[in-house]
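A short write-up of the structure that comes next.
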Amino acid sequence: MIGLYIHVPFCKRKCPYCDFYSVEAKNDELLDAYVYRLLEEADGYKSRRVKVDSVYFGGGTPSLLSQKQIDKILNGLNKCFYIDNNAEVTAEVNPSSADYNKLLGYIGAGINRISFGIQSSSDRELNALGRLHNFKQAENAVYAAKKAGFENISADIMIALPGQTGAGVEKSVEDIINLGVQHISCYILKVEDNTPYAKMNLSLPDDDECADMYLRMCDILKSSGFDHYEISNFSKPGYESRHNLKYWRAEEYIGLGVSSHSYFDSVRYFNKRDLPAYLNGDNIRVTEDMNIDKAKEYLMLSLRLSEGISVKKYLSLGGGNDIYLKSESIGNRFLKIHNDNISLTEEGFLVSNEIISRLL
Ligand code: SF4
């Protein structure tokens with residue numbers, strides 16, 4: 001069974017660090033028109049009757065969609081795909097656009113997992129990130145989700161923020177754990193070109209401070225019962241993101257919506273970042289170069305996961321048979337070698353790109 005990703009490219013206001021494809025949601029008619037086009041695109045897959053066991057609404061801000069719009073999308077998708085009764089159905093939710101009634105409507109429409117973009121428990125940091133919510137609102141949103149009946153809740157945290165200290169990271173992580181969520185995704189802020197942040201003179205933690213923050217965060221999460229199952233993701237046992245695991249395990253998924261990516265029928269393709277063309281019904285699909293090195297792809301994706309790689313599989317994909325030798329030369333500070341299995345340590349996660357390039 002494959003995953004379905006639905007991109008919702010609208011936000012109330014653009015955050016200054018963000019380079020995801022999203023535009024300001026001007027009115028509800030625009031959202032209705034987008035929903036209509038999403039379902040037209042889904043209809044193109046109808047004859048295939050593909051089996052699906054995860055649906056993920058990402059963005060942008062999917063929680064700008066009303067319960068009625070979510071309901072319409074999920075009903076439409078059910079007509080085009082075989083969605084498993086036990087499918088994981090996630091919506092990313094911005095704490096500033098969530099209340100009890102909306103979340104109750106979402107659960108009624110079939111959403112069973114919520115991912116809140118909380119980012120920090122410091123209102124000063126949230127303000128510097130240009131977020132529309134404060135931590136009190138985030139707390140209220142999580143409590144509202146629980147009251148509505150959600151039992152699978154994830155929260156995003158960002159670290160290495162302007163002016164952030166190690167103590168600030170500890171407090172955010174502890175405050176967010178105390179909300180009683182089952183899953184936490186943690187991202188290290190990266191200032192992307194062409195964002196307003198890139199033009200600001202920000203005082204950011206240096207690499208060593210950043211590494212200390214990451215490792216401290218890992219320790220706190222682990223001592224609170226979270227498994228570190230992917231570089232940036234931690235979960236209570238059994239609450240790993242089924243949808244995101246498909247990406248890292250190179251399983252297939254179909255993306256719908258502007259700027260979405262797909263890997264289906266062994267072909268990778270994406271829709272361009274062009275909302276007017278998408279709404280117009282133009283063909284904005286681009287097929288990616290499939291001439292990729294399968295062993296390299298496997299190494300790059302699987303080493304993101306704590307489960308790591310199977311050397312047998314790596315060799316069967318054409319990987320170099322000096323992998324053990326190279327791993328041993330890198331050493332056990334960064335890599336764990338156990339029979340057929342090689343995986344990164346937490347310090348290894350921090351420098352994964354460097355290690356992967358040395359292994360290749
Ligand atoms: S709410 Fe999320 S997607 Fe929208 S601008 Fe902010 S970071 Fe980007």
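Just remember, in the structure tokens the first chain shown is A, the second B, etc., residues are 1-based per chain, and ligands are 1-based in the order shown.
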DSSP-assigned strand (DSSP E or B) among stretch 129-357 of chain A, expressed as a count of residues only: 47
Near A:Cys210, counting only C-alpha atoms, which residues have an atom at most 9 Å away, once you skip same-chain residues fewer than 6 positions from it, shown as a PyMOL selection string? chain A and resi 159-160+166+188
Just want the 9 Å neighbourhood of stretch 67-70 of chain A, counted on only C-alpha atoms, with same-chain residues fewer than 4 positions away dropped. Output as a ChimeraX atom specification. /A:31-32,35,62-63,74-75,102-111
Let me see the file: selected residues, C-alpha atoms, as a PDB file, in the first residue's frame.
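The resulting file, again-v1.pdb, is shown below:
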```pdb
ATOM      1  CA  LEU A  31      -9.452  27.317  -1.211  1.00  0.00           C
ATOM      2  CA  ASP A  32     -12.628  25.902  -2.803  1.00  0.00           C
ATOM      3  CA  VAL A  35      -9.976  21.597  -3.524  1.00  0.00           C
ATOM      4  CA  PRO A  62      -3.720  22.619   5.906  1.00  0.00           C
ATOM      5  CA  SER A  63      -5.680  23.771   8.954  1.00  0.00           C
ATOM      6  CA  LEU A  74     -11.357  12.721   1.811  1.00  0.00           C
ATOM      7  CA  ASN A  75     -14.678  11.684   0.256  1.00  0.00           C
ATOM      8  CA  LYS A 102     -12.618  22.563  13.969  1.00  0.00           C
ATOM      9  CA  LEU A 103     -10.630  19.650  15.406  1.00  0.00           C
ATOM     10  CA  LEU A 104     -13.831  17.796  16.264  1.00  0.00           C
ATOM     11  CA  GLY A 105     -14.913  18.322  12.647  1.00  0.00           C
ATOM     12  CA  TYR A 106     -11.552  17.006  11.405  1.00  0.00           C
ATOM     13  CA  ILE A 107     -11.856  13.835  13.454  1.00  0.00           C
ATOM     14  CA  GLY A 108     -15.389  13.410  12.128  1.00  0.00           C
ATOM     15  CA  ALA A 109     -14.071  13.790   8.569  1.00  0.00           C
ATOM     16  CA  GLY A 110     -11.544  10.985   9.106  1.00  0.00           C
ATOM     17  CA  ILE A 111      -8.327  12.693  10.271  1.00  0.00           C
TER      18      ILE A 111
END
```
Using DSSP on the backbone coordinates, identify the residues of stretch 259-357 of chain A assigned to helix (DSSP H, G or I); present them as a ChimeraX atom specification. /A:275-279,294-302,311-316,323-330,346-350,352-357
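As for atom CA of A:Tyr100 and atom CA of A:Thr61, they are spaced 17.2 Å apart.
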